[in-house]
$ cat work_28.cif   # mmCIF, C-alpha atoms
data_my_file
#
loop_
_atom_site.label_atom_id
_atom_site.label_comp_id
_atom_site.auth_asym_id
_atom_site.auth_seq_id
_atom_site.Cartn_x
_atom_site.Cartn_y
_atom_site.Cartn_z
CA MET M 1 0.00 0.00 0.00
CA ARG M 2 1.30 3.40 -0.91
CA ILE M 3 1.16 5.98 1.85
CA ILE M 4 0.98 9.64 0.98
CA LYS M 5 1.77 12.16 3.69
CA VAL M 6 0.12 15.53 3.50
CA VAL M 7 1.85 18.33 5.37
CA THR M 8 -0.06 21.50 6.11
CA MET M 9 1.53 24.79 7.06
CA ALA M 10 -0.24 27.35 9.16
CA VAL M 11 0.41 30.93 8.16
CA LEU M 12 -0.45 33.63 10.62
CA PRO M 13 -2.64 36.15 8.84
CA GLY M 14 -0.94 39.51 8.37
CA LEU M 15 2.46 38.31 9.58
CA LEU M 16 4.23 38.52 6.23
CA ILE M 17 2.93 39.97 3.00
CA ALA M 18 5.02 40.05 -0.15
CA ALA M 19 4.62 40.82 -3.82
CA SER M 20 7.06 39.15 -6.21
CA GLY M 21 7.65 36.54 -8.83
CA ILE M 22 4.29 36.81 -10.64
CA ALA M 23 4.16 38.15 -14.18
CA GLN M 24 2.33 41.46 -14.14
CA GLU M 25 0.91 43.74 -16.79
CA VAL M 26 3.03 46.83 -17.24
CA SER M 27 2.32 50.16 -18.91
CA ASP M 28 4.56 52.54 -20.80
CA LEU M 29 5.10 55.55 -18.52
CA GLY M 30 7.23 57.43 -21.05
CA ASP M 31 10.93 58.27 -21.19
CA GLY M 32 11.85 54.60 -21.34
CA THR M 33 10.11 53.76 -18.05
CA TRP M 34 7.58 50.96 -17.57
CA GLY M 35 5.47 50.34 -14.51
CA THR M 36 2.74 48.31 -12.89
CA ARG M 37 -0.58 49.70 -11.70
CA GLU M 38 -0.66 50.82 -8.08
CA LEU M 39 -0.52 47.86 -5.68
CA SER M 40 -1.26 47.84 -1.97
CA HIS M 41 -0.38 45.89 1.18
CA ARG M 42 -1.25 46.49 4.82
CA ILE M 43 -0.43 44.94 8.14
CA SER M 44 -1.34 45.60 11.77
CA SER M 45 1.32 47.56 13.60
CA GLY M 46 0.74 45.48 16.72
CA SER M 47 1.97 46.91 20.01
CA GLY M 48 5.00 48.68 18.51
CA ARG M 49 5.23 51.97 16.68
CA GLN M 50 8.63 51.41 15.08
CA ILE M 51 8.78 51.08 11.31
CA ILE M 52 11.95 49.95 9.53
CA ILE M 53 12.24 50.53 5.78
CA ARG M 54 15.09 48.82 3.95
CA SER M 55 16.13 48.43 0.33
CA VAL M 56 18.87 46.69 -1.59
CA ASP M 57 21.35 49.21 -2.99
CA HIS M 58 20.51 48.61 -6.64
CA LEU M 59 16.90 49.76 -6.30
CA SER M 60 15.99 53.45 -6.33
CA GLY M 61 12.89 55.61 -6.36
CA LYS M 62 10.70 57.58 -3.96
CA ILE M 63 9.32 56.97 -0.47
CA HIS M 64 6.47 59.13 0.79
CA ILE M 65 5.61 58.66 4.47
CA GLU M 66 2.50 60.03 6.14
CA SER M 67 1.26 59.48 9.68
CA GLY M 68 -2.39 59.23 10.60
CA PRO M 69 -4.85 57.96 13.24
CA VAL M 70 -4.43 54.33 12.15
CA SER M 71 -3.37 51.07 13.78
CA GLU M 72 -1.96 49.59 10.58
CA VAL M 73 0.99 50.18 8.30
CA THR M 74 -0.13 50.52 4.70
CA VAL M 75 2.07 50.67 1.64
CA ASN M 76 0.74 51.66 -1.80
CA PHE M 77 3.40 51.15 -4.40
CA GLN M 78 4.27 50.93 -8.06
CA LYS M 79 7.11 48.77 -9.35
CA MET M 80 8.95 50.15 -12.37
CA ALA M 81 11.87 49.50 -14.68
CA ARG M 82 13.79 51.88 -16.90
CA THR M 83 14.86 50.08 -20.05
CA ARG M 84 14.25 50.23 -23.80
CA SER M 85 12.46 46.90 -24.11
CA ARG M 86 8.96 46.22 -22.76
CA SER M 87 9.64 42.49 -22.44
CA ARG M 88 12.84 43.20 -20.55
CA ALA M 89 10.95 45.62 -18.28
CA ILE M 90 8.45 42.87 -17.45
CA ASP M 91 11.28 40.49 -16.61
CA TYR M 92 12.90 43.06 -14.33
CA ILE M 93 9.65 44.05 -12.60
CA ASP M 94 8.80 40.41 -11.89
CA LEU M 95 12.08 40.14 -9.96
CA ILE M 96 11.38 43.16 -7.75
CA SER M 97 9.51 42.31 -4.55
CA ILE M 98 8.09 44.18 -1.58
CA ALA M 99 7.71 42.43 1.78
CA LEU M 100 5.80 43.80 4.77
CA GLU M 101 6.50 41.90 7.98
CA ARG M 102 5.48 42.37 11.61
CA LEU M 103 8.26 41.76 14.10
CA PRO M 104 7.81 41.56 17.90
CA GLN M 105 8.40 45.29 18.39
CA ALA M 106 8.33 46.73 14.88
CA VAL M 107 7.05 46.51 11.34
CA ARG M 108 9.63 46.01 8.60
CA LEU M 109 9.16 46.97 4.96
CA ASP M 110 11.72 45.46 2.58
CA PHE M 111 12.37 46.36 -1.07
CA ARG M 112 14.08 43.38 -2.67
CA ALA M 113 15.74 42.41 -5.95
CA PRO M 114 18.32 39.80 -7.00
CA ASN M 115 21.98 40.42 -6.26
CA PRO M 116 23.64 41.10 -8.62
CA PRO M 117 20.79 42.93 -10.36
CA PRO M 118 19.59 41.58 -13.72
CA TRP M 119 19.65 45.06 -15.29
CA ASN M 120 22.66 46.98 -16.52
CA THR M 121 23.10 49.55 -13.75
CA GLU M 122 24.82 52.04 -16.11
CA ARG M 123 21.88 52.25 -18.55
CA GLU M 124 18.90 50.64 -16.79
CA ALA M 125 17.23 50.75 -13.39
CA GLY M 126 14.77 49.00 -11.12
CA LEU M 127 12.49 51.48 -9.39
CA ILE M 128 9.87 51.64 -6.64
CA ASP M 129 7.51 54.50 -5.89
CA ALA M 130 5.94 53.87 -2.47
CA LYS M 131 3.53 55.73 -0.19
CA VAL M 132 3.66 54.44 3.38
CA THR M 133 1.01 55.32 5.97
CA VAL M 134 2.05 54.79 9.60
CA PRO M 135 0.47 55.44 13.03
CA LEU M 136 0.76 58.89 14.57
CA ASN M 137 4.03 59.56 16.41
CA ALA M 138 5.72 56.48 14.99
CA THR M 139 9.48 55.96 14.95
CA VAL M 140 10.83 55.43 11.43
CA GLU M 141 14.25 54.17 10.37
CA ILE M 142 15.21 54.13 6.68
CA GLU M 143 18.06 52.24 5.04
CA ALA M 144 17.38 52.94 1.37
CA VAL M 145 20.37 54.74 -0.09
CA TYR M 146 19.06 55.76 -3.52
CA PHE M 147 15.53 56.84 -2.57
CA ASP M 148 14.19 60.38 -2.28
CA VAL M 149 12.17 60.69 0.93
CA THR M 150 9.17 62.87 1.80
CA VAL M 151 7.78 62.78 5.34
CA VAL M 152 4.59 64.39 6.66
CA GLY M 153 4.26 63.71 10.38
CA PRO M 154 3.86 63.94 13.19
CA LEU M 155 6.55 61.35 13.74
CA LYS M 156 8.35 60.86 17.02
CA SER M 157 11.62 60.01 15.30
CA LEU M 158 13.16 59.76 11.84
CA TYR M 159 16.62 58.22 11.44
CA VAL M 160 18.45 57.87 8.10
CA PRO M 161 22.11 56.92 8.73
CA SER M 162 23.29 57.05 5.10
CA SER M 163 21.62 58.22 1.92
CA LEU M 164 22.14 59.76 -1.50
CA GLY M 165 18.55 60.96 -1.79
CA ARG M 166 16.63 64.22 -1.38
CA PHE M 167 14.62 64.91 1.77
CA ASP M 168 11.48 66.91 2.54
CA VAL M 169 10.54 66.41 6.20
CA THR M 170 7.75 68.04 8.20
CA ASP M 171 6.70 67.53 11.83
CA VAL M 172 9.19 65.38 13.76
CA THR M 173 8.96 65.92 17.50
CA ASP M 174 11.77 64.08 19.34
CA HIS M 175 14.64 63.00 17.12
CA LEU M 176 15.80 63.67 13.57
CA GLY M 177 18.99 62.20 12.12
CA ILE M 178 19.67 62.56 8.37
CA SER M 179 22.96 62.04 6.57
CA THR M 180 22.91 62.41 2.80
CA ALA M 181 25.28 63.74 0.11
CA ASN M 182 24.89 65.89 -2.99
CA ARG M 183 21.16 66.26 -2.36
CA ARG M 184 19.01 68.99 -0.84
CA VAL M 185 17.34 68.74 2.57
CA ASN M 186 14.15 70.70 3.40
CA LEU M 187 12.84 70.71 6.98
CA ALA M 188 9.87 72.26 8.76
CA ARG M 189 8.53 72.08 12.33
CA ILE M 190 11.26 69.89 13.79
CA GLY M 191 12.02 69.52 17.50
CA GLY M 192 14.12 67.52 19.92
CA SER M 193 17.52 66.11 19.03
CA ILE M 194 18.56 67.12 15.50
CA SER M 195 21.49 66.13 13.28
CA VAL M 196 21.48 66.94 9.55
CA ALA M 197 24.30 66.67 7.01
CA THR M 198 24.63 67.00 3.25
CA SER M 199 27.05 68.38 0.65
CA ASN M 200 26.92 70.41 -2.58
CA SER M 201 23.21 71.16 -2.07
CA PRO M 202 21.22 73.46 0.21
CA ILE M 203 19.80 72.77 3.64
CA THR M 204 16.67 74.83 4.29
CA ALA M 205 14.72 74.73 7.55
CA GLU M 206 11.94 76.61 9.29
CA ASN M 207 10.39 76.52 12.76
CA ILE M 208 13.11 74.50 14.48
CA THR M 209 13.23 73.98 18.27
CA CYS M 210 16.12 72.30 20.03
CA GLU M 211 16.48 73.19 23.69
CA SER M 212 18.57 70.36 25.16
CA ILE M 213 21.31 68.96 22.90
CA PRO M 214 22.52 71.45 20.25
CA ALA M 215 21.02 70.89 16.82
CA THR M 216 23.81 70.18 14.34
CA PHE M 217 23.79 71.20 10.68
CA ARG M 218 26.68 70.29 8.38
CA ASN M 219 27.21 71.19 4.72
CA GLU M 220 30.37 70.87 2.67
CA SER M 221 29.61 73.10 -0.33
CA GLY M 222 26.02 74.26 -0.11
CA ASP M 223 24.00 76.96 1.63
CA ILE M 224 22.36 76.59 5.04
CA LYS M 225 19.24 78.71 5.48
CA ILE M 226 17.13 78.56 8.65
CA ASP M 227 14.05 80.70 9.27
CA GLY M 228 12.91 80.43 12.87
CA PHE M 229 15.24 78.68 15.32
CA SER M 230 14.92 78.49 19.10
CA GLY M 231 17.42 76.69 21.30
CA SER M 232 21.02 75.60 20.99
CA ILE M 233 22.72 75.19 17.61
CA ASN M 234 25.97 73.98 16.06
CA VAL M 235 26.50 74.86 12.39
CA LYS M 236 29.49 74.12 10.17
CA ASN M 237 29.81 74.97 6.49
CA GLN M 238 32.71 74.94 4.07
CA TYR M 239 31.90 76.85 0.89
CA GLY M 240 28.29 78.00 1.22
CA ARG M 241 26.30 80.75 2.88
CA ILE M 242 24.89 80.51 6.40
CA ASN M 243 21.73 82.54 6.94
CA ILE M 244 19.66 82.25 10.15
CA SER M 245 16.68 84.58 10.65
CA ASP M 246 14.27 84.87 13.59
CA PHE M 247 17.08 83.39 15.68
CA HIS M 248 16.60 82.77 19.42
CA PRO M 249 19.87 81.25 20.68
CA GLN M 250 19.79 79.67 24.13
CA GLY M 251 22.40 78.03 26.31
CA GLU M 252 26.20 78.08 26.27
CA ARG M 253 26.92 75.95 23.20
CA ASN M 254 25.87 77.95 20.15
CA ILE M 255 28.67 77.67 17.59
CA ILE M 256 28.51 78.77 13.94
CA ARG M 257 31.54 78.21 11.70
CA SER M 258 32.12 78.98 8.03
CA VAL M 259 35.22 78.72 5.86
CA ALA M 260 34.51 80.58 2.61
CA GLY M 261 30.89 81.64 2.83
CA PRO M 262 29.32 84.71 4.45
CA VAL M 263 27.41 84.39 7.73
CA THR M 264 24.21 86.39 8.24
CA LEU M 265 22.38 86.15 11.56
CA ASP M 266 19.18 87.96 12.53
CA ILE M 267 18.97 87.58 16.32
CA ALA M 268 15.42 88.14 17.59
CA THR M 269 16.07 87.46 21.29
CA MET M 270 18.97 86.35 23.44
CA GLU M 271 18.30 86.58 27.15
CA SER M 272 21.58 84.96 28.21
CA GLY M 273 24.04 82.31 27.12
CA ARG M 274 26.85 82.35 24.58
CA LEU M 275 27.11 82.57 20.79
CA ILE M 276 30.39 81.99 18.92
CA VAL M 277 30.63 82.90 15.23
CA SER M 278 33.77 82.35 13.16
CA CYS M 279 34.53 82.72 9.46
CA ARG M 280 37.35 82.87 6.96
CA HIS M 281 37.51 85.00 3.83
CA GLU M 282 33.93 86.33 4.10
CA ASP M 283 31.85 88.76 6.18
CA ILE M 284 29.91 88.20 9.38
CA ASP M 285 26.71 90.25 9.49
CA LEU M 286 24.76 90.33 12.78
CA THR M 287 21.39 92.04 13.18
CA ILE M 288 20.22 92.47 16.76
CA PRO M 289 17.36 94.26 18.58
CA ASP M 290 18.60 97.60 19.91
CA THR M 291 17.56 96.50 23.42
CA LEU M 292 19.77 93.39 23.43
CA GLN M 293 21.94 93.19 26.53
CA ALA M 294 25.20 91.50 25.61
CA PHE M 295 28.96 91.58 25.76
CA PHE M 296 30.52 91.54 22.27
CA SER M 297 34.06 90.32 21.59
CA LEU M 298 34.91 90.92 17.92
CA ALA M 299 38.16 90.33 16.01
CA VAL M 300 39.29 90.49 12.36
CA ASP M 301 42.58 90.09 10.49
CA ASP M 302 44.71 93.04 9.40
CA ASP M 303 42.71 93.81 6.25
CA GLY M 304 39.30 93.60 7.92
CA SER M 305 37.11 96.12 9.70
CA ILE M 306 34.49 96.09 12.47
CA GLN M 307 31.36 98.26 12.42
CA ALA M 308 28.72 98.52 15.15
CA THR M 309 25.71 100.81 14.63
CA GLY M 310 22.09 101.29 15.64
CA PHE M 311 22.20 100.34 19.33
CA PRO M 312 23.57 101.87 22.54
CA PHE M 313 26.85 100.45 23.81
CA THR M 314 30.02 101.28 25.67
CA THR M 315 33.46 100.19 24.52
CA ASP M 316 35.50 97.88 26.69
CA LEU M 317 38.47 97.36 24.35
CA VAL M 318 39.41 99.23 21.16
CA GLN M 319 42.32 98.04 19.03
CA ARG M 320 43.12 98.17 15.33
CA ASN M 321 41.56 94.74 14.66
CA ARG M 322 39.75 94.00 17.93
CA LEU M 323 36.71 95.56 19.52
CA SER M 324 34.86 94.71 22.73
CA LEU M 325 31.47 96.28 23.41
CA VAL M 326 28.89 96.13 26.20
CA SER M 327 25.22 96.81 25.64
CA GLY M 328 22.94 96.97 28.69
CA ASP M 329 24.21 94.75 31.49
CA GLY M 330 26.06 92.41 29.09
CA ARG M 331 24.28 89.29 30.34
CA ALA M 332 24.64 87.43 27.00
CA GLU M 333 27.98 86.84 25.29
CA ILE M 334 28.56 87.09 21.54
CA SER M 335 31.98 86.38 20.01
CA GLY M 336 32.79 86.96 16.36
CA SER M 337 36.09 86.35 14.60
CA ILE M 338 37.46 86.31 11.07
CA ARG M 339 40.75 84.65 10.15
CA GLY M 340 41.32 85.88 6.62
CA GLN M 341 39.69 88.58 4.50
CA GLY M 342 36.36 89.77 5.79
CA ASN M 343 34.53 92.30 7.91
CA ILE M 344 32.18 92.13 10.91
CA TYR M 345 28.98 94.19 10.98
CA VAL M 346 26.70 94.49 14.01
CA ASN M 347 23.49 96.35 13.20
CA GLY M 348 20.87 97.25 15.81
CA ILE M 349 17.23 97.61 14.84
CA ARG M 350 14.40 99.09 16.89
CA GLY M 351 12.18 96.48 18.54
CA ASP M 352 8.40 96.61 18.41
#
$ encode --input "work_28.cif" --output "structure tokens"
Amino acid sequence: MRIIKVVTMAVLPGLLIAASGIAQEVSDLGDGTWGTRELSHRISSGSGRQIIIRSVDHLSGKIHIESGPVSEVTVNFQKMARTRSRSRAIDYIDLISIALERLPQAVRLDFRAPNPPPWNTEREAGLIDAKVTVPLNATVEIEAVYFDVTVVGPLKSLYVPSSLGRFDVTDVTDHLGISTANRRVNLARIGGSISVATSNSPITAENITCESIPATFRNESGDIKIDGFSGSINVKNQYGRINISDFHPQGERNIIRSVAGPVTLDIATMESGRLIVSCRHEDIDLTIPDTLQAFFSLAVDDDGSIQATGFPFTTDLVQRNRLSLVSGDGRAEISGSIRGQGNIYVNGIRGD
């Protein structure tokens, strides 16, 4: 007698959802790009609010993250290929997969493709365009080097340790860490612990609050522009402008350094604390309220000059390339120095 054993496998519903390996209809999207219709997966977030998004390095595209009053993680996505041949595009798209998995304390979203990739990376590409909806105040970590990222919170935390993508991020409350290169970074309504770095592209930010650990902004050859900052800050730039308006520095660790780009600061309030500004080969331009009470220590090289106008002060030290001033009771401390060619301007404006 022949015995046949039947083995059944129980799959927990919602534990792992993936899309891959099934031939799909693709459409011509123009410019040599082919793509599927929009697909969708969702999974319960369980007890955790951490979302991990990962991709193999040879996939690229866009990730749009939004938070909402939901208890699930939802991903709507389109798989695409950039190649001249429709049949080749279908082959490539069939090898791209998206997996959504619930872990004990997190949900993980994986973008997968064979390694090495089947497409010629110099002329072709595998692409994913994904919109991810997560619970309010979630913590998100992204390891997807070649993806542009847009975030609309509120999120509690966003951490991107290494990227070559663009970033547009709004509403992160506790922690923001972004490190990219050669791509712009736009930020709005960010608080908590902040660390942002890029190169050869601008960093723009508005409505930033960082009252405990100094917020750090780094740029190698691009501008840094911040409109509305309250708290402690550490800025370093090599060959771009630094411009901070509606600036409310707090604490003892405010440091702004530039090598070959001008520094323009519009200080709205500074009740106490310390601000250090240094530059080489360009000007430092400070605008302050005429009621600011601060001690100023200013120094330039031999070819530079120092000008202070528009507010009442007394001189404490006057030398050919050094000037110390006191306005009011001098409770705050502002130091400015230039090592190279450049001037320092301190301009007082009448408060409301």
$ resolve_selection --input "work_28.cif" --expression "the PyMOL selection byres ((chain M and resi 262-266) around 6)" --output "number ranges by chain"
M: 241-247, 261, 267, 282-287
$ residues_around --input "work_28.cif" --residues "segment 161-178 of chain M" --least-positions-apart "2" --cutoff "6 Å" --atoms "all atoms listed in the file" --output "PyMOL selection string"
chain M and resi 145-159+180-181+183-196
$ resolve_selection --input "work_28.cif" --expression "the PyMOL selection byres ((chain M and resi 338) around 6)" --output "JSON, numbers by chain"
{"M": [278, 279, 280, 300, 337, 339, 340]}
$ write_last_selection --input "work_28.cif" --atoms "C-alpha atoms" --output "short mmCIF file (atom, residue, chain, number, x, y, z; two decimals), in the frame of the given file"
data_model
loop_
_atom_site.label_atom_id
_atom_site.label_comp_id
_atom_site.auth_asym_id
_atom_site.auth_seq_id
_atom_site.Cartn_x
_atom_site.Cartn_y
_atom_site.Cartn_z
CA SER M 278 33.77 82.35 13.16
CA CYS M 279 34.53 82.72 9.46
CA ARG M 280 37.35 82.87 6.96
CA VAL M 300 39.29 90.49 12.36
CA SER M 337 36.09 86.35 14.60
CA ARG M 339 40.75 84.65 10.15
CA GLY M 340 41.32 85.88 6.62
#
$ resolve_selection --input "work_28.cif" --expression "the PyMOL selection byres ((chain M and resi 209-211) around 9)" --output "ChimeraX atom specification"
/M:189-194,207-208,212-215,228-233,250-251
$ atom_distance --input "work_28.cif" --atom1 "atom CA of Arg108 of chain M" --atom2 "atom CA of Ala138 of chain M"
12.9 Å
$ atom_distance --input "work_28.cif" --atom1 "atom CA of Arg350 of chain M" --atom2 "atom CA of Ile288 of chain M"
8.8 Å
$ closest_residue --input "work_28.cif" --among "M:Ser327, M:Asn120, M:Ser27, M:Thr74" --to "Glu101 of chain M" --atoms "only C-alpha atoms"
M:Thr74
$ closest_residue --input "work_28.cif" --among "M:Val277, M:Ile344, M:Leu298, M:Met80" --to "Tyr92 of chain M" --atoms "only C-alpha atoms"
M:Met80
$ atom_distance --input "work_28.cif" --atom1 "atom CA of His58 of chain M" --atom2 "atom CA of Leu100 of chain M"
19.2 Å
$ residues_around --input "work_28.cif" --residues "Ile96 of chain M" --least-positions-apart "3" --cutoff "12 Å" --atoms "all atoms listed in the file" --output "ChimeraX atom specification"
/M:18-24,35-36,55-56,58-60,77-81,89-93,99,110-115,117-119,125-128
$ write_last_selection --input "work_28.cif" --atoms "C-alpha atoms" --output "JSON list (two decimals), in the coordinates of the input"
[["chain", "number", "residue", "atom", "x", "y", "z"],
["M", 18, "ALA", "CA", 5.02, 40.05, -0.15],
["M", 19, "ALA", "CA", 4.62, 40.82, -3.82],
["M", 20, "SER", "CA", 7.06, 39.15, -6.21],
["M", 21, "GLY", "CA", 7.65, 36.54, -8.83],
["M", 22, "ILE", "CA", 4.29, 36.81, -10.64],
["M", 23, "ALA", "CA", 4.16, 38.15, -14.18],
["M", 24, "GLN", "CA", 2.33, 41.46, -14.14],
["M", 35, "GLY", "CA", 5.47, 50.34, -14.51],
["M", 36, "THR", "CA", 2.74, 48.31, -12.89],
["M", 55, "SER", "CA", 16.13, 48.43, 0.33],
["M", 56, "VAL", "CA", 18.87, 46.69, -1.59],
["M", 58, "HIS", "CA", 20.51, 48.61, -6.64],
["M", 59, "LEU", "CA", 16.90, 49.76, -6.30],
["M", 60, "SER", "CA", 15.99, 53.45, -6.33],
["M", 77, "PHE", "CA", 3.40, 51.15, -4.40],
["M", 78, "GLN", "CA", 4.27, 50.93, -8.06],
["M", 79, "LYS", "CA", 7.11, 48.77, -9.35],
["M", 80, "MET", "CA", 8.95, 50.15, -12.37],
["M", 81, "ALA", "CA", 11.87, 49.50, -14.68],
["M", 89, "ALA", "CA", 10.95, 45.62, -18.28],
["M", 90, "ILE", "CA", 8.45, 42.87, -17.45],
["M", 91, "ASP", "CA", 11.28, 40.49, -16.61],
["M", 92, "TYR", "CA", 12.90, 43.06, -14.33],
["M", 93, "ILE", "CA", 9.65, 44.05, -12.60],
["M", 99, "ALA", "CA", 7.71, 42.43, 1.78],
["M", 110, "ASP", "CA", 11.72, 45.46, 2.58],
["M", 111, "PHE", "CA", 12.37, 46.36, -1.07],
["M", 112, "ARG", "CA", 14.08, 43.38, -2.67],
["M", 113, "ALA", "CA", 15.74, 42.41, -5.95],
["M", 114, "PRO", "CA", 18.32, 39.80, -7.00],
["M", 115, "ASN", "CA", 21.98, 40.42, -6.26],
["M", 117, "PRO", "CA", 20.79, 42.93, -10.36],
["M", 118, "PRO", "CA", 19.59, 41.58, -13.72],
["M", 119, "TRP", "CA", 19.65, 45.06, -15.29],
["M", 125, "ALA", "CA", 17.23, 50.75, -13.39],
["M", 126, "GLY", "CA", 14.77, 49.00, -11.12],
["M", 127, "LEU", "CA", 12.49, 51.48, -9.39],
["M", 128, "ILE", "CA", 9.87, 51.64, -6.64]]
$ residues_around --input "work_28.cif" --residues "Ile226 of chain M" --least-positions-apart "6" --cutoff "6 Å" --atoms "only C-alpha atoms" --output "PyMOL selection string"
chain M and resi 204-206+244
$ residues_around --input "work_28.cif" --residues "Val134 of chain M" --least-positions-apart "5" --cutoff "12 Å" --atoms "all atoms listed in the file" --output "JSON, numbers by chain"
{"M": [42, 43, 44, 45, 46, 48, 49, 50, 51, 52, 53, 64, 65, 66, 67, 68, 69, 70, 71, 72, 73, 74, 75, 76, 106, 107, 108, 109, 139, 140, 151, 152, 153, 154, 155, 156]}
$ axis_aligned_box --input "work_28.cif" --around "segment 124-136 of chain M" --padding-each-side "6 Å" --output "AutoDock Vina command-line options"
--center_x 9.7 --center_y 53.9 --center_z -1.1 --size_x 30.4 --size_y 21.9 --size_z 43.4
$ residues_around --input "work_28.cif" --residues "segment 317-323 of chain M" --least-positions-apart "2" --cutoff "12 Å" --atoms "all atoms listed in the file" --output "PyMOL selection string"
chain M and resi 295-308+313-315+325-326+334-340+342-346
$ build_atoms --input "work_28.cif" --residues "segment 231-246 of chain M" --atoms "N, CA, C and O atoms" --output "PDB file, keeping the file's coordinate frame"
ATOM      1  N   GLY M 231      16.678  77.706  20.586  1.00  0.00           N
ATOM      2  CA  GLY M 231      17.420  76.690  21.300  1.00  0.00           C
ATOM      3  C   GLY M 231      18.904  76.810  21.075  1.00  0.00           C
ATOM      4  O   GLY M 231      19.441  77.893  20.841  1.00  0.00           O
ATOM      5  N   SER M 232      19.569  75.665  21.122  1.00  0.00           N
ATOM      6  CA  SER M 232      21.020  75.600  20.990  1.00  0.00           C
ATOM      7  C   SER M 232      21.379  75.011  19.630  1.00  0.00           C
ATOM      8  O   SER M 232      20.753  74.055  19.171  1.00  0.00           O
ATOM      9  N   ILE M 233      22.421  75.563  18.992  1.00  0.00           N
ATOM     10  CA  ILE M 233      22.720  75.190  17.610  1.00  0.00           C
ATOM     11  C   ILE M 233      24.220  75.078  17.388  1.00  0.00           C
ATOM     12  O   ILE M 233      25.022  75.785  18.016  1.00  0.00           O
ATOM     13  N   ASN M 234      24.589  74.151  16.487  1.00  0.00           N
ATOM     14  CA  ASN M 234      25.970  73.980  16.060  1.00  0.00           C
ATOM     15  C   ASN M 234      25.969  73.830  14.548  1.00  0.00           C
ATOM     16  O   ASN M 234      25.448  72.849  14.019  1.00  0.00           O
ATOM     17  N   VAL M 235      26.536  74.820  13.850  1.00  0.00           N
ATOM     18  CA  VAL M 235      26.500  74.860  12.390  1.00  0.00           C
ATOM     19  C   VAL M 235      27.930  74.912  11.857  1.00  0.00           C
ATOM     20  O   VAL M 235      28.752  75.693  12.347  1.00  0.00           O
ATOM     21  N   LYS M 236      28.186  74.077  10.838  1.00  0.00           N
ATOM     22  CA  LYS M 236      29.490  74.120  10.170  1.00  0.00           C
ATOM     23  C   LYS M 236      29.286  74.022   8.673  1.00  0.00           C
ATOM     24  O   LYS M 236      28.591  73.138   8.191  1.00  0.00           O
ATOM     25  N   ASN M 237      29.914  74.949   7.943  1.00  0.00           N
ATOM     26  CA  ASN M 237      29.810  74.970   6.490  1.00  0.00           C
ATOM     27  C   ASN M 237      31.194  75.252   5.898  1.00  0.00           C
ATOM     28  O   ASN M 237      32.007  75.942   6.519  1.00  0.00           O
ATOM     29  N   GLN M 238      31.422  74.739   4.713  1.00  0.00           N
ATOM     30  CA  GLN M 238      32.710  74.940   4.070  1.00  0.00           C
ATOM     31  C   GLN M 238      32.668  76.076   3.047  1.00  0.00           C
ATOM     32  O   GLN M 238      33.327  77.085   3.206  1.00  0.00           O
ATOM     33  N   TYR M 239      31.874  75.898   1.993  1.00  0.00           N
ATOM     34  CA  TYR M 239      31.900  76.850   0.890  1.00  0.00           C
ATOM     35  C   TYR M 239      30.491  77.311   0.497  1.00  0.00           C
ATOM     36  O   TYR M 239      30.183  77.478  -0.669  1.00  0.00           O
ATOM     37  N   GLY M 240      29.634  77.506   1.476  1.00  0.00           N
ATOM     38  CA  GLY M 240      28.290  78.000   1.220  1.00  0.00           C
ATOM     39  C   GLY M 240      27.900  79.046   2.248  1.00  0.00           C
ATOM     40  O   GLY M 240      28.568  79.243   3.270  1.00  0.00           O
ATOM     41  N   ARG M 241      26.808  79.725   1.978  1.00  0.00           N
ATOM     42  CA  ARG M 241      26.300  80.750   2.880  1.00  0.00           C
ATOM     43  C   ARG M 241      25.622  80.125   4.101  1.00  0.00           C
ATOM     44  O   ARG M 241      25.040  79.049   4.002  1.00  0.00           O
ATOM     45  N   ILE M 242      25.679  80.839   5.210  1.00  0.00           N
ATOM     46  CA  ILE M 242      24.890  80.510   6.400  1.00  0.00           C
ATOM     47  C   ILE M 242      23.987  81.702   6.675  1.00  0.00           C
ATOM     48  O   ILE M 242      24.469  82.836   6.836  1.00  0.00           O
ATOM     49  N   ASN M 243      22.693  81.461   6.701  1.00  0.00           N
ATOM     50  CA  ASN M 243      21.730  82.540   6.940  1.00  0.00           C
ATOM     51  C   ASN M 243      20.687  82.035   7.936  1.00  0.00           C
ATOM     52  O   ASN M 243      19.948  81.097   7.640  1.00  0.00           O
ATOM     53  N   ILE M 244      20.632  82.634   9.116  1.00  0.00           N
ATOM     54  CA  ILE M 244      19.660  82.250  10.150  1.00  0.00           C
ATOM     55  C   ILE M 244      18.863  83.493  10.532  1.00  0.00           C
ATOM     56  O   ILE M 244      19.436  84.472  11.021  1.00  0.00           O
ATOM     57  N   SER M 245      17.557  83.469  10.296  1.00  0.00           N
ATOM     58  CA  SER M 245      16.680  84.580  10.650  1.00  0.00           C
ATOM     59  C   SER M 245      15.725  84.140  11.752  1.00  0.00           C
ATOM     60  O   SER M 245      15.522  82.945  11.978  1.00  0.00           O
ATOM     61  N   ASP M 246      15.142  85.141  12.437  1.00  0.00           N
ATOM     62  CA  ASP M 246      14.270  84.870  13.590  1.00  0.00           C
ATOM     63  C   ASP M 246      14.975  83.883  14.532  1.00  0.00           C
ATOM     64  O   ASP M 246      14.438  82.838  14.897  1.00  0.00           O
TER      65      ASP M 246
END
